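Data from work.pdb: PDB, C-alpha atoms, pLDDT in the B column
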ATOM      1  CA  MET A   1       0.000   0.000   0.000  1.00 47.00           C
ATOM      2  CA  ALA A   2       1.486   3.298  -1.119  1.00 48.00           C
ATOM      3  CA  LEU A   3       1.570   6.341   1.067  1.00 50.00           C
ATOM      4  CA  ALA A   4       0.157   8.482  -1.734  1.00 48.00           C
ATOM      5  CA  VAL A   5      -0.156  12.174  -1.082  1.00 49.00           C
ATOM      6  CA  PRO A   6      -3.257  13.782  -2.629  1.00 49.00           C
ATOM      7  CA  GLY A   7      -2.327  16.322  -5.301  1.00 51.00           C
ATOM      8  CA  ASN A   8       1.226  14.963  -5.609  1.00 54.00           C
ATOM      9  CA  ARG A   9       2.610  16.169  -8.933  1.00 64.00           C
ATOM     10  CA  PRO A  10       4.822  13.799 -10.942  1.00 67.00           C
ATOM     11  CA  GLU A  11       7.184  16.650 -11.962  1.00 75.00           C
ATOM     12  CA  VAL A  12       7.938  17.425  -8.317  1.00 76.00           C
ATOM     13  CA  ALA A  13       8.384  13.732  -7.528  1.00 74.00           C
ATOM     14  CA  ARG A  14      10.907  13.378 -10.356  1.00 77.00           C
ATOM     15  CA  LEU A  15      12.849  16.358  -9.060  1.00 83.00           C
ATOM     16  CA  LEU A  16      12.826  15.028  -5.501  1.00 83.00           C
ATOM     17  CA  TYR A  17      13.990  11.617  -6.733  1.00 87.00           C
ATOM     18  CA  LYS A  18      17.196  12.967  -8.360  1.00 87.00           C
ATOM     19  CA  PRO A  19      19.406  12.894  -5.222  1.00 90.00           C
ATOM     20  CA  PHE A  20      18.145   9.418  -4.350  1.00 86.00           C
ATOM     21  CA  GLY A  21      18.885   8.257  -7.898  1.00 87.00           C
ATOM     22  CA  LEU A  22      22.472   9.486  -7.566  1.00 90.00           C
ATOM     23  CA  ILE A  23      22.938   7.636  -4.292  1.00 90.00           C
ATOM     24  CA  PHE A  24      21.411   4.467  -5.775  1.00 88.00           C
ATOM     25  CA  GLY A  25      23.773   4.795  -8.746  1.00 89.00           C
ATOM     26  CA  ILE A  26      26.851   5.009  -6.532  1.00 92.00           C
ATOM     27  CA  LEU A  27      25.751   2.050  -4.413  1.00 91.00           C
ATOM     28  CA  GLY A  28      24.927   0.094  -7.560  1.00 92.00           C
ATOM     29  CA  GLY A  29      28.401   0.777  -8.969  1.00 92.00           C
ATOM     30  CA  ILE A  30      30.032  -0.466  -5.772  1.00 94.00           C
ATOM     31  CA  ALA A  31      27.879  -3.605  -5.798  1.00 93.00           C
ATOM     32  CA  ALA A  32      28.524  -4.218  -9.498  1.00 94.00           C
ATOM     33  CA  ARG A  33      32.292  -3.941  -9.028  1.00 93.00           C
ATOM     34  CA  ALA A  34      32.217  -6.480  -6.178  1.00 93.00           C
ATOM     35  CA  ILE A  35      30.007  -8.882  -8.156  1.00 93.00           C
ATOM     36  CA  PHE A  36      32.164  -8.636 -11.279  1.00 93.00           C
ATOM     37  CA  GLN A  37      35.354  -9.258  -9.311  1.00 93.00           C
ATOM     38  CA  ARG A  38      33.857 -12.453  -7.858  1.00 93.00           C
ATOM     39  CA  VAL A  39      32.601 -13.576 -11.262  1.00 90.00           C
ATOM     40  CA  TRP A  40      35.980 -12.940 -12.878  1.00 90.00           C
ATOM     41  CA  VAL A  41      37.869 -14.823 -10.171  1.00 91.00           C
ATOM     42  CA  ALA A  42      35.546 -17.802 -10.686  1.00 91.00           C
ATOM     43  CA  VAL A  43      35.522 -17.719 -14.497  1.00 86.00           C
ATOM     44  CA  GLY A  44      38.890 -16.188 -15.365  1.00 80.00           C
ATOM     45  CA  HIS A  45      40.834 -17.853 -12.555  1.00 84.00           C
ATOM     46  CA  GLU A  46      42.669 -14.572 -11.936  1.00 88.00           C
ATOM     47  CA  GLU A  47      42.363 -11.921  -9.242  1.00 88.00           C
ATOM     48  CA  LYS A  48      41.794  -9.068 -11.718  1.00 89.00           C
ATOM     49  CA  ALA A  49      40.304  -8.827 -15.190  1.00 91.00           C
ATOM     50  CA  PRO A  50      42.791  -7.907 -17.905  1.00 91.00           C
ATOM     51  CA  LYS A  51      43.063  -4.314 -19.048  1.00 92.00           C
ATOM     52  CA  ALA A  52      42.936  -3.507 -22.742  1.00 93.00           C
ATOM     53  CA  THR A  53      46.533  -2.245 -22.574  1.00 95.00           C
ATOM     54  CA  ASP A  54      47.952  -5.426 -21.013  1.00 93.00           C
ATOM     55  CA  GLU A  55      50.350  -6.724 -23.674  1.00 94.00           C
ATOM     56  CA  ARG A  56      50.446 -10.207 -22.108  1.00 93.00           C
ATOM     57  CA  LYS A  57      46.721 -10.805 -22.728  1.00 92.00           C
ATOM     58  CA  GLY A  58      45.134 -11.697 -26.041  1.00 94.00           C
ATOM     59  CA  TRP A  59      42.315  -9.914 -27.824  1.00 95.00           C
ATOM     60  CA  GLY A  60      39.771 -12.581 -26.943  1.00 93.00           C
ATOM     61  CA  GLU A  61      40.394 -12.466 -23.198  1.00 91.00           C
ATOM     62  CA  VAL A  62      40.343  -8.667 -23.102  1.00 93.00           C
ATOM     63  CA  VAL A  63      37.105  -8.426 -25.093  1.00 95.00           C
ATOM     64  CA  VAL A  64      35.373 -11.184 -23.098  1.00 92.00           C
ATOM     65  CA  ALA A  65      36.366  -9.488 -19.837  1.00 92.00           C
ATOM     66  CA  ALA A  66      35.064  -6.119 -21.028  1.00 94.00           C
ATOM     67  CA  ALA A  67      31.777  -7.627 -22.279  1.00 94.00           C
ATOM     68  CA  ALA A  68      31.250  -9.512 -19.010  1.00 92.00           C
ATOM     69  CA  GLN A  69      31.991  -6.387 -17.011  1.00 94.00           C
ATOM     70  CA  GLY A  70      29.536  -4.363 -19.097  1.00 95.00           C
ATOM     71  CA  ALA A  71      26.820  -7.005 -18.694  1.00 95.00           C
ATOM     72  CA  VAL A  72      27.260  -7.168 -14.918  1.00 94.00           C
ATOM     73  CA  PHE A  73      27.296  -3.367 -14.547  1.00 95.00           C
ATOM     74  CA  GLY A  74      24.262  -2.952 -16.813  1.00 94.00           C
ATOM     75  CA  GLY A  75      22.276  -5.637 -15.023  1.00 95.00           C
ATOM     76  CA  VAL A  76      23.088  -4.362 -11.539  1.00 94.00           C
ATOM     77  CA  LYS A  77      22.345  -0.772 -12.562  1.00 91.00           C
ATOM     78  CA  ALA A  78      18.941  -1.756 -13.951  1.00 92.00           C
ATOM     79  CA  LEU A  79      18.154  -3.774 -10.825  1.00 94.00           C
ATOM     80  CA  VAL A  80      19.149  -0.973  -8.440  1.00 92.00           C
ATOM     81  CA  ASP A  81      17.435   1.765 -10.486  1.00 89.00           C
ATOM     82  CA  ARG A  82      14.195  -0.207 -10.745  1.00 92.00           C
ATOM     83  CA  ALA A  83      14.197  -1.104  -7.033  1.00 93.00           C
ATOM     84  CA  GLY A  84      14.835   2.531  -6.107  1.00 90.00           C
ATOM     85  CA  ALA A  85      12.057   3.804  -8.375  1.00 88.00           C
ATOM     86  CA  THR A  86       9.631   1.184  -7.073  1.00 91.00           C
ATOM     87  CA  GLY A  87      10.416   2.052  -3.455  1.00 90.00           C
ATOM     88  CA  PHE A  88      10.123   5.771  -4.136  1.00 88.00           C
ATOM     89  CA  ALA A  89       6.755   5.246  -5.846  1.00 87.00           C
ATOM     90  CA  TRP A  90       5.558   3.143  -2.934  1.00 90.00           C
ATOM     91  CA  LEU A  91       6.496   5.867  -0.453  1.00 86.00           C
ATOM     92  CA  THR A  92       5.251   8.881  -2.419  1.00 83.00           C
ATOM     93  CA  GLY A  93       2.595   7.498  -4.749  1.00 84.00           C
ATOM     94  CA  ALA A  94       4.355   9.055  -7.760  1.00 83.00           C
ATOM     95  CA  TRP A  95       6.570   7.226 -10.254  1.00 84.00           C
ATOM     96  CA  PRO A  96       9.900   9.100 -10.587  1.00 85.00           C
ATOM     97  CA  GLY A  97      10.453   8.335 -14.274  1.00 76.00           C
ATOM     98  CA  GLN A  98       8.313   8.015 -17.367  1.00 74.00           C
ATOM     99  CA  SER A  99       4.881   6.707 -16.549  1.00 69.00           C
ATOM    100  CA  LYS A 100       2.114   5.065 -18.558  1.00 70.00           C
ATOM    101  CA  ASP A 101       0.274   8.352 -18.957  1.00 60.00           C
TER     102      ASP A 101
END

Take the structure in the file and write it out as structure tokens.
Amino acid sequence: MALAVPGNRPEVARLLYKPFGLIFGILGGIAARAIFQRVWVAVGHEEKAPKATDERKGWGEVVVAAAAQGAVFGGVKALVDRAGATGFAWLTGAWPGQSKD
């Protein structure tokens, strides 16, 4: 059950959500980094993913590492953003992003 406020305007809700969105983004980035490091250790059998400028690593390993990192960051960002928006909407009764209207 949402704690909707009568007369709550979506434009104001979106503006109020901005600082929360920034905080969620930072926390999501921290979580994504930790998740990717664990995934890479398990899959790549190394402590750190290779950098594109590491001469000792081949093209395939560098590209796979970058694609995996992008997928993890994108997935975690979407999860955190959606959870934050859902929680904000539950508390205020207004969706902070684009709505069905």

Take the PyMOL selection byres ((chain A and resi 72) around 12), run it mentally on this structure, and tell me the resulting residues as an mmCIF file with C-alpha atoms, in the coordinates of the input.
data_model
loop_
_atom_site.group_PDB
_atom_site.id
_atom_site.type_symbol
_atom_site.label_atom_id
_atom_site.label_comp_id
_atom_site.auth_asym_id
_atom_site.auth_seq_id
_atom_site.Cartn_x
_atom_site.Cartn_y
_atom_site.Cartn_z
ATOM 1 C CA GLY A 28 24.927 0.094 -7.560
ATOM 2 C CA GLY A 29 28.401 0.777 -8.969
ATOM 3 C CA ILE A 30 30.032 -0.466 -5.772
ATOM 4 C CA ALA A 31 27.879 -3.605 -5.798
ATOM 5 C CA ALA A 32 28.524 -4.218 -9.498
ATOM 6 C CA ARG A 33 32.292 -3.941 -9.028
ATOM 7 C CA ALA A 34 32.217 -6.480 -6.178
ATOM 8 C CA ILE A 35 30.007 -8.882 -8.156
ATOM 9 C CA PHE A 36 32.164 -8.636 -11.279
ATOM 10 C CA GLN A 37 35.354 -9.258 -9.311
ATOM 11 C CA ARG A 38 33.857 -12.453 -7.858
ATOM 12 C CA VAL A 39 32.601 -13.576 -11.262
ATOM 13 C CA TRP A 40 35.980 -12.940 -12.878
ATOM 14 C CA ALA A 65 36.366 -9.488 -19.837
ATOM 15 C CA ALA A 66 35.064 -6.119 -21.028
ATOM 16 C CA ALA A 67 31.777 -7.627 -22.279
ATOM 17 C CA ALA A 68 31.250 -9.512 -19.010
ATOM 18 C CA GLN A 69 31.991 -6.387 -17.011
ATOM 19 C CA GLY A 70 29.536 -4.363 -19.097
ATOM 20 C CA ALA A 71 26.820 -7.005 -18.694
ATOM 21 C CA PHE A 73 27.296 -3.367 -14.547
ATOM 22 C CA GLY A 74 24.262 -2.952 -16.813
ATOM 23 C CA GLY A 75 22.276 -5.637 -15.023
ATOM 24 C CA VAL A 76 23.088 -4.362 -11.539
ATOM 25 C CA LYS A 77 22.345 -0.772 -12.562
ATOM 26 C CA ALA A 78 18.941 -1.756 -13.951
ATOM 27 C CA LEU A 79 18.154 -3.774 -10.825
#

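For the pair CA of Gly44 in chain A and CA of Ile26 in chain A, the separation is 25.9 Å.
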
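Considering the residues A:Asp81, A:Glu61, A:Glu46, A:Glu11 and counting only C-alpha atoms, Ala94 in chain A has its shortest atom-to-atom contact with A:Glu11.
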
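Applied to this file, the PyMOL selection byres ((chain A and resi 16-21) around 10) selects Pro10, Glu11, Val12, Ala13, Arg14, Leu15, Leu22, Ile23, Phe24, Gly25, Ile26, Leu27, Val80, Asp81, Gly84, Ala85, Phe88, Ala89, Trp95, Pro96 and Gly97 of chain A.
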
Find the distance between CA of Lys51 in chain A and CA of Val64 in chain A and write it in Å to one decimal.
11.1 Å
